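Trainee: Supplied structure: run.tsv, TSV, C-alpha atoms (C1' of nucleotides).
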```tsv
chain	number	residue	atom	x	y	z
F	1	MET	CA	109.61	91.19	103.45
F	2	GLY	CA	110.73	94.54	102.24
F	3	LYS	CA	109.96	98.18	101.91
F	4	LEU	CA	106.92	97.44	99.81
F	5	VAL	CA	105.12	95.88	102.74
F	6	THR	CA	106.18	98.69	105.00
F	7	GLU	CA	104.55	101.27	102.79
F	8	MET	CA	101.45	99.18	102.26
F	9	LEU	CA	101.04	98.73	105.98
F	10	LYS	CA	100.62	102.44	106.37
F	11	GLY	CA	96.92	102.79	106.79
F	12	THR	CA	96.18	99.08	106.93
F	13	LEU	CA	98.12	98.10	110.02
F	14	GLU	CA	95.73	100.08	112.15
F	15	GLY	CA	92.80	98.15	110.72
F	16	ILE	CA	94.66	94.89	111.19
F	17	VAL	CA	95.24	95.56	114.86
F	18	LEU	CA	91.66	96.68	115.41
F	19	ALA	CA	90.46	93.54	113.64
F	20	ILE	CA	92.56	91.44	115.99
F	21	LEU	CA	91.08	93.27	118.95
F	22	SER	CA	87.59	92.69	117.61
F	23	GLY	CA	88.17	88.99	118.21
F	24	ARG	CA	89.26	89.40	121.80
F	25	PRO	CA	91.13	91.88	124.00
F	26	ALA	CA	94.90	91.77	123.81
F	27	TYR	CA	98.04	93.62	124.85
F	28	GLY	CA	100.86	95.06	122.79
F	29	TYR	CA	103.49	92.43	123.26
F	30	GLU	CA	100.97	89.73	122.47
F	31	ILE	CA	99.75	91.47	119.32
F	32	THR	CA	103.29	91.92	118.06
F	33	ALA	CA	104.05	88.25	118.55
F	34	GLN	CA	100.81	87.22	116.90
F	35	LEU	CA	101.50	89.37	113.84
F	36	ARG	CA	104.97	87.92	113.51
F	37	ASP	CA	103.53	84.43	113.63
F	38	GLN	CA	101.08	85.36	110.93
F	39	GLY	CA	103.77	86.30	108.46
F	40	PHE	CA	104.46	89.93	109.27
F	41	SER	CA	107.92	88.84	110.19
F	42	ASP	CA	109.53	92.21	110.68
F	43	ILE	CA	106.88	94.21	112.46
F	44	ALA	CA	108.62	96.49	114.93
F	45	GLU	CA	107.43	96.40	118.51
F	46	GLY	CA	107.61	100.16	118.81
F	47	THR	CA	105.24	100.45	115.88
F	48	ILE	CA	102.51	98.53	117.63
F	49	TYR	CA	102.86	100.42	120.88
F	50	ALA	CA	102.70	103.77	119.11
F	51	LEU	CA	99.68	102.61	117.15
F	52	LEU	CA	97.90	101.49	120.30
F	53	VAL	CA	98.50	104.86	121.91
F	54	ARG	CA	97.00	106.53	118.87
F	55	VAL	CA	93.84	104.46	118.74
F	56	GLU	CA	93.42	104.89	122.48
F	57	GLN	CA	93.65	108.66	122.18
F	58	ARG	CA	91.06	108.55	119.45
F	59	GLY	CA	88.75	106.65	121.74
F	60	LEU	CA	88.51	103.51	119.64
F	61	VAL	CA	89.66	101.16	122.40
F	62	ASP	CA	89.37	100.78	126.15
F	63	VAL	CA	92.40	99.97	128.26
F	64	GLN	CA	92.84	97.96	131.41
F	65	LYS	CA	96.04	97.37	133.34
F	66	VAL	CA	96.46	93.74	134.26
F	67	PRO	CA	99.37	92.37	136.33
F	68	SER	CA	101.55	89.78	134.63
F	69	GLU	CA	103.29	86.85	136.28
F	70	LYS	CA	106.29	87.23	134.04
F	71	GLY	CA	107.01	90.93	133.84
F	72	PRO	CA	105.65	94.43	134.06
F	73	PRO	CA	101.88	94.90	134.05
F	74	ARG	CA	100.12	94.43	130.73
F	75	LYS	CA	97.99	97.05	129.10
F	76	VAL	CA	95.07	95.08	127.74
F	77	TYR	CA	93.17	96.81	124.96
F	78	SER	CA	89.62	96.02	123.94
F	79	LEU	CA	87.60	97.38	121.05
F	80	ASN	CA	84.69	99.59	122.14
F	81	ASP	CA	81.59	100.63	120.21
F	82	GLN	CA	83.27	103.55	118.53
F	83	GLY	CA	86.12	101.30	117.53
F	84	ARG	CA	83.72	98.75	116.11
F	85	GLU	CA	82.11	101.46	114.02
F	86	TYR	CA	85.50	102.62	112.82
F	87	LEU	CA	86.47	99.06	111.96
F	88	GLU	CA	83.40	98.72	109.75
F	89	GLU	CA	84.36	101.91	107.97
F	90	PHE	CA	87.83	100.47	107.55
F	91	TRP	CA	86.44	97.33	105.94
F	92	ARG	CA	84.32	99.36	103.56
F	93	THR	CA	87.33	101.37	102.49
F	94	TRP	CA	89.43	98.26	102.16
F	95	SER	CA	86.79	96.57	100.01
F	96	PHE	CA	86.72	99.54	97.69
F	97	LEU	CA	90.48	99.54	97.30
F	98	ALA	CA	90.74	95.78	96.94
F	99	GLY	CA	88.02	95.85	94.31
F	100	ARG	CA	89.83	98.48	92.26
F	101	LEU	CA	93.07	96.60	92.45
F	102	GLU	CA	91.49	93.32	91.51
F	103	GLN	CA	90.04	94.99	88.46
F	104	LEU	CA	93.39	96.46	87.51
F	105	ARG	CA	95.04	93.10	87.91
F	106	GLU	CA	92.54	91.41	85.64
F	107	GLY	CA	92.92	94.10	83.03
F	108	GLY	CA	96.67	93.89	83.09
F	109	LYS	CA	96.75	90.25	82.03
O	1	MET	CA	86.31	109.44	100.54
O	2	GLY	CA	88.25	110.31	103.60
O	3	LYS	CA	91.50	110.04	105.45
O	4	LEU	CA	91.26	106.29	105.58
O	5	VAL	CA	91.73	105.99	101.85
O	6	THR	CA	94.55	108.50	101.92
O	7	GLU	CA	96.51	106.42	104.36
O	8	MET	CA	95.75	103.17	102.61
O	9	LEU	CA	96.92	104.59	99.32
O	10	LYS	CA	100.41	104.95	100.73
O	11	GLY	CA	102.31	102.18	99.08
O	12	THR	CA	99.45	101.02	96.90
O	13	LEU	CA	98.99	104.08	94.74
O	14	GLU	CA	102.38	103.45	93.22
O	15	GLY	CA	101.33	99.95	92.23
O	16	ILE	CA	98.04	101.25	90.91
O	17	VAL	CA	99.76	103.72	88.63
O	18	LEU	CA	102.27	101.16	87.44
O	19	ALA	CA	99.43	98.75	86.75
O	20	ILE	CA	97.73	101.40	84.65
O	21	LEU	CA	100.95	101.96	82.75
O	22	SER	CA	101.30	98.23	82.17
O	23	GLY	CA	98.19	98.46	80.03
O	24	ARG	CA	99.45	101.28	77.88
O	25	PRO	CA	101.65	104.37	78.17
O	26	ALA	CA	100.03	107.45	79.68
O	27	TYR	CA	100.81	110.91	81.03
O	28	GLY	CA	100.16	112.44	84.40
O	29	TYR	CA	97.09	114.48	83.71
O	30	GLU	CA	95.48	111.55	81.97
O	31	ILE	CA	96.24	109.16	84.80
O	32	THR	CA	94.77	111.55	87.33
O	33	ALA	CA	91.57	111.90	85.34
O	34	GLN	CA	91.33	108.14	84.88
O	35	LEU	CA	91.72	107.49	88.59
O	36	ARG	CA	89.04	110.02	89.40
O	37	ASP	CA	86.71	108.31	86.98
O	38	GLN	CA	87.41	105.01	88.65
O	39	GLY	CA	86.25	106.19	92.03
O	40	PHE	CA	89.36	107.74	93.52
O	41	SER	CA	87.47	110.98	93.57
O	42	ASP	CA	89.89	113.07	95.55
O	43	ILE	CA	93.25	112.05	94.25
O	44	ALA	CA	95.45	115.15	94.21
O	45	GLU	CA	97.11	115.96	90.93
O	46	GLY	CA	100.34	116.88	92.65
O	47	THR	CA	100.46	113.42	94.18
O	48	ILE	CA	100.50	111.70	90.80
O	49	TYR	CA	103.17	113.93	89.36
O	50	ALA	CA	105.40	113.44	92.38
O	51	LEU	CA	104.87	109.70	92.16
O	52	LEU	CA	105.78	109.66	88.49
O	53	VAL	CA	109.00	111.52	89.20
O	54	ARG	CA	109.85	108.94	91.84
O	55	VAL	CA	109.27	105.90	89.67
O	56	GLU	CA	111.20	107.55	86.87
O	57	GLN	CA	114.18	108.18	89.12
O	58	ARG	CA	114.07	104.55	90.19
O	59	GLY	CA	114.20	103.52	86.55
O	60	LEU	CA	110.86	101.74	86.47
O	61	VAL	CA	109.45	103.76	83.59
O	62	ASP	CA	110.64	105.39	80.39
O	63	VAL	CA	109.60	108.90	79.50
O	64	GLN	CA	108.91	110.57	76.21
O	65	LYS	CA	107.91	114.15	75.65
O	66	VAL	CA	105.02	114.43	73.23
O	67	PRO	CA	103.50	117.71	72.01
O	68	SER	CA	99.84	118.23	72.85
O	69	GLU	CA	97.27	119.98	70.72
O	70	LYS	CA	95.61	121.42	73.76
O	71	GLY	CA	98.37	122.58	76.04
O	72	PRO	CA	101.95	122.17	77.12
O	73	PRO	CA	103.85	119.08	76.00
O	74	ARG	CA	102.91	115.84	77.69
O	75	LYS	CA	105.34	113.60	79.49
O	76	VAL	CA	104.26	110.15	78.41
O	77	TYR	CA	105.40	107.36	80.74
O	78	SER	CA	105.71	103.72	79.77
O	79	LEU	CA	106.56	100.74	81.92
O	80	ASN	CA	109.92	99.17	81.11
O	81	ASP	CA	111.27	95.73	81.98
O	82	GLN	CA	112.47	96.75	85.40
O	83	GLY	CA	109.11	98.31	86.09
O	84	ARG	CA	107.34	95.15	84.98
O	85	GLU	CA	109.46	93.14	87.39
O	86	TYR	CA	108.71	95.58	90.17
O	87	LEU	CA	105.01	95.40	89.39
O	88	GLU	CA	105.07	91.63	89.80
O	89	GLU	CA	106.74	92.06	93.17
O	90	PHE	CA	104.03	94.55	94.03
O	91	TRP	CA	101.31	92.05	93.18
O	92	ARG	CA	102.97	89.38	95.28
O	93	THR	CA	103.13	91.72	98.25
O	94	TRP	CA	99.56	92.84	97.70
O	95	SER	CA	98.37	89.25	97.55
O	96	PHE	CA	100.05	88.50	100.83
O	97	LEU	CA	98.47	91.48	102.53
O	98	ALA	CA	95.06	90.91	101.01
O	99	GLY	CA	95.18	87.29	102.09
O	100	ARG	CA	95.98	88.20	105.67
O	101	LEU	CA	93.20	90.76	105.77
O	102	GLU	CA	90.69	88.41	104.25
O	103	GLN	CA	91.53	85.89	106.92
O	104	LEU	CA	91.13	88.48	109.66
O	105	ARG	CA	87.83	89.53	108.24
O	106	GLU	CA	86.51	86.01	108.22
O	107	GLY	CA	87.63	85.43	111.75
O	108	GLY	CA	86.04	88.60	112.99
O	109	LYS	CA	82.55	87.56	111.99
V	1	DT	C1'	91.73	140.53	76.40
V	2	DC	C1'	90.24	137.29	79.46
V	3	DA	C1'	88.28	133.13	81.09
V	4	DG	C1'	88.79	128.21	81.00
V	5	DC	C1'	90.77	123.93	79.92
V	6	DT	C1'	95.05	121.27	79.42
V	7	DA	C1'	99.48	119.95	81.63
V	8	DT	C1'	103.29	120.15	84.76
V	9	DT	C1'	105.94	121.65	88.96
V	10	DC	C1'	107.07	122.84	93.75
V	11	DG	C1'	107.27	124.00	98.84
V	12	DG	C1'	105.30	122.97	103.09
V	13	DT	C1'	102.36	119.84	106.16
V	14	DG	C1'	100.62	115.67	108.66
V	15	DT	C1'	100.46	110.80	109.24
V	16	DT	C1'	102.70	106.64	109.54
V	17	DG	C1'	106.03	102.76	110.20
V	18	DC	C1'	110.95	101.86	111.28
V	19	DT	C1'	115.41	102.23	113.83
V	20	DA	C1'	117.58	101.99	117.87
V	21	DG	C1'	117.77	102.48	121.80
V	22	DG	C1'	116.07	102.69	127.10
V	23	DT	C1'	113.22	101.23	131.42
V	24	DA	C1'	111.33	97.72	134.35
V	25	DG	C1'	109.66	93.18	136.52
V	26	DA	C1'	110.52	88.29	137.26
V	27	DG	C1'	113.07	83.97	136.96
V	28	DG	C1'	117.35	81.16	136.40
V	29	DT	C1'	122.38	80.34	137.00
V	30	DA	C1'	127.01	80.74	138.70
M	1	DT	C1'	125.49	88.88	144.89
M	2	DA	C1'	126.03	89.45	139.89
M	3	DC	C1'	124.53	88.44	135.46
M	4	DC	C1'	121.65	86.93	131.81
M	5	DT	C1'	117.17	86.15	129.59
M	6	DC	C1'	112.50	86.65	128.77
M	7	DT	C1'	108.50	89.49	129.29
M	8	DA	C1'	106.40	94.10	128.59
M	9	DC	C1'	106.26	98.90	127.67
M	10	DC	C1'	108.02	103.53	126.06
M	11	DT	C1'	110.51	107.17	123.40
M	12	DA	C1'	113.19	110.31	120.09
M	13	DG	C1'	114.58	110.91	115.59
M	14	DC	C1'	114.13	109.49	110.76
M	15	DA	C1'	112.27	108.48	105.95
M	16	DA	C1'	108.48	107.82	102.84
M	17	DC	C1'	104.29	109.16	101.11
M	18	DA	C1'	99.82	111.60	100.01
M	19	DC	C1'	97.74	116.12	100.50
M	20	DC	C1'	97.19	121.24	100.02
M	21	DG	C1'	97.87	125.41	97.78
M	22	DA	C1'	99.91	128.00	94.59
M	23	DA	C1'	102.43	128.96	90.49
M	24	DT	C1'	103.69	128.37	85.59
M	25	DA	C1'	102.74	127.56	80.69
M	26	DG	C1'	100.25	126.56	76.24
M	27	DC	C1'	96.11	126.68	73.63
M	28	DT	C1'	91.15	127.91	72.35
M	29	DG	C1'	86.91	130.45	72.13
M	30	DA	C1'	83.87	134.29	73.79
```
Show the structure stored in the file as structure tokens.
Mentor:
Amino acid sequence: MGKLVTEMLKGTLEGIVLAILSGRPAYGYEITAQLRDQGFSDIAEGTIYALLVRVEQRGLVDVQKVPSEKGPPRKVYSLNDQGREYLEEFWRTWSFLAGRLEQLREGGK
Amino acid sequence: MGKLVTEMLKGTLEGIVLAILSGRPAYGYEITAQLRDQGFSDIAEGTIYALLVRVEQRGLVDVQKVPSEKGPPRKVYSLNDQGREYLEEFWRTWSFLAGRLEQLREGGK
DNA sequence: TCAGCTATTCGGTGTTGCTAGGTAGAGGTA
DNA sequence: TACCTCTACCTAGCAACACCGAATAGCTGA
């Protein structure tokens, strides 16, 4: 996709990644691949790693280093309680925004 | 609301404003007030004006200066054909993103 | 005259995703 | 050995965007 998605991802990508982690723990490389499979075709790897560092520093996730058979050790992230709380807040905010936009879309027809 | 909304608005606020303009022409001050009424309580005025300048420079809107009875002349913006096309693209992108997030939300339960 | 509302503009800041590299481990091939 | 490929992570510099704070300007009513 294009620049539109890029701008929209600002603020939502974080929630997306946390939502993925709420399902099960995962590591950066894996998350990137998963997102690409799901249609976010041009997500940059660096973006995900930087994002994971940020959420870790904010204490939303726990990290565990796990050796890989195929390369350098993986940093496996898992959502902790604080992260789960934050994710709920994210969903509330998202619902608000999505509601407004839905309304605007209806009105515009 | 908080920082979450601020970050989410990046990329979507533009579409929101264009969607408002697709209903009828409007000027900056009016748009700001309307957004605040609709729940975007802490939208900064400066943000809207800057956004309007951007979309004007990209040729998505036409501008007309109209005298006001209550203050300085208003700059009334109206969506043109190019803007209408762009707005459709915006909705497509939004739908994609909203779909992905909806799916994630379901899965996370 | 001065406060208050309307209406627009601008400079500086922080956050965020992208670009474009680099580092490093393990396996396969010539 | 030398080289390539895949896995896996990291980093510096950049552009876009929303916010903050302040300034400017026109009009009205106390």
Trainee: Please, which residues in chain F fall within 7 Å of chain O when counting all atoms listed in the file, and what is the closest atom pair and distance in Å to one decimal for each, ordered by chain then residue number, as a tab-separated table?
Mentor:
```
residue	atom	partner	partner_atom	distance
F:Leu4	CA	O:Gly11	CA	6.7
F:Val5	CA	O:Thr93	CA	6.4
F:Glu7	CA	O:Gly11	CA	4.4
F:Met8	CA	O:Gly11	CA	4.5
F:Lys10	CA	O:Glu7	CA	6.1
F:Gly11	CA	O:Met8	CA	4.4
F:Thr12	CA	O:Met8	CA	6.0
F:Ile16	CA	O:Leu101	CA	7.0
F:Ala19	CA	O:Leu104	CA	6.5
F:Ser22	CA	O:Gly108	CA	6.4
F:Gly23	CA	O:Gly108	CA	5.7
F:Thr93	CA	O:Val5	CA	6.4
F:Leu101	CA	O:Ile16	CA	7.0
F:Leu104	CA	O:Ala19	CA	6.5
F:Gly108	CA	O:Gly23	CA	5.7
```
Trainee: From the list O:Thr47, O:Ser95, O:Asn80, O:Gln103, which residue is nearest chain M when using all atoms listed in the file?
Mentor: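 The answer is O:Thr47, which sits nearest to chain M.
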Trainee: Contacts from chain O to chain M, 6 Å maximum, only C-alpha atoms (C1' of nucleotides): show me the residue list as a PyMOL selection string.
Mentor: chain O and resi 10+70-72
Trainee: Keeping only C-alpha atoms, take the residues you just selected and write them out as a compact mmCIF listing (two decimals), keeping the file's coordinate frame.
Mentor:
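So the final result, stored in again.txt, reads:
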```txt
# COMPACT_ATOMS: atom_id res chain seq x y z
CA LYS O 10 100.41 104.95 100.73
CA LYS O 70 95.61 121.42 73.76
CA GLY O 71 98.37 122.58 76.04
CA PRO O 72 101.95 122.17 77.12
```
Trainee: Please report the interatomic distance between atom CA of Arg92 of chain O and atom CA of Thr32 of chain F in Å with one decimal.
Mentor: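 Taking atom CA of Arg92 of chain O and atom CA of Thr32 of chain F, their separation equals 22.9 Å.
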Trainee: Choose the residue, out of V:DC18, V:DC10, V:DA24, V:DA30, that has the smallest atom-to-atom separation from chain O; count all atoms listed in the file.
Mentor: V:DC10
Trainee: Can you check which residues of chain V have any atom within 8 Å of chain O? Use all atoms listed in the file and format it as JSON, numbers by chain.
Mentor: {"V": [6, 7, 8, 15]}
Trainee: Using all atoms listed in the file, which protein or nucleic acid residues come within 10 Å of Pro25 of chain O? Drop anything in the same chain fewer than 6 positions from it, and give the result as an mmCIF file with C-alpha atoms, in the coordinates of the input.
Mentor:
```
data_model
loop_
_atom_site.group_PDB
_atom_site.id
_atom_site.type_symbol
_atom_site.label_atom_id
_atom_site.label_comp_id
_atom_site.auth_asym_id
_atom_site.auth_seq_id
_atom_site.Cartn_x
_atom_site.Cartn_y
_atom_site.Cartn_z
ATOM 1 C CA LEU O 18 102.270 101.160 87.440
ATOM 2 C CA ILE O 31 96.240 109.160 84.800
ATOM 3 C CA VAL O 61 109.450 103.760 83.590
ATOM 4 C CA ASP O 62 110.640 105.390 80.390
ATOM 5 C CA VAL O 63 109.600 108.900 79.500
ATOM 6 C CA GLN O 64 108.910 110.570 76.210
ATOM 7 C CA VAL O 76 104.260 110.150 78.410
ATOM 8 C CA TYR O 77 105.400 107.360 80.740
ATOM 9 C CA SER O 78 105.710 103.720 79.770
ATOM 10 C CA LEU O 79 106.560 100.740 81.920
#
```
Trainee: What does the structure give for the distance between atom CA of Gln82 of chain F and atom CA of Gly59 of chain F, in Å to one decimal?
Mentor: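 Taking atom CA of Gln82 of chain F as the start and atom CA of Gly59 of chain F as the end point, the length is 7.1 Å.
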Trainee: Grab the atom CA of Glu14 of chain O to atom CA of Gly83 of chain O distance for me, in Å with one decimal place.
Mentor: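 For atom CA of Glu14 of chain O relative to atom CA of Gly83 of chain O, the distance reads 11.1 Å.
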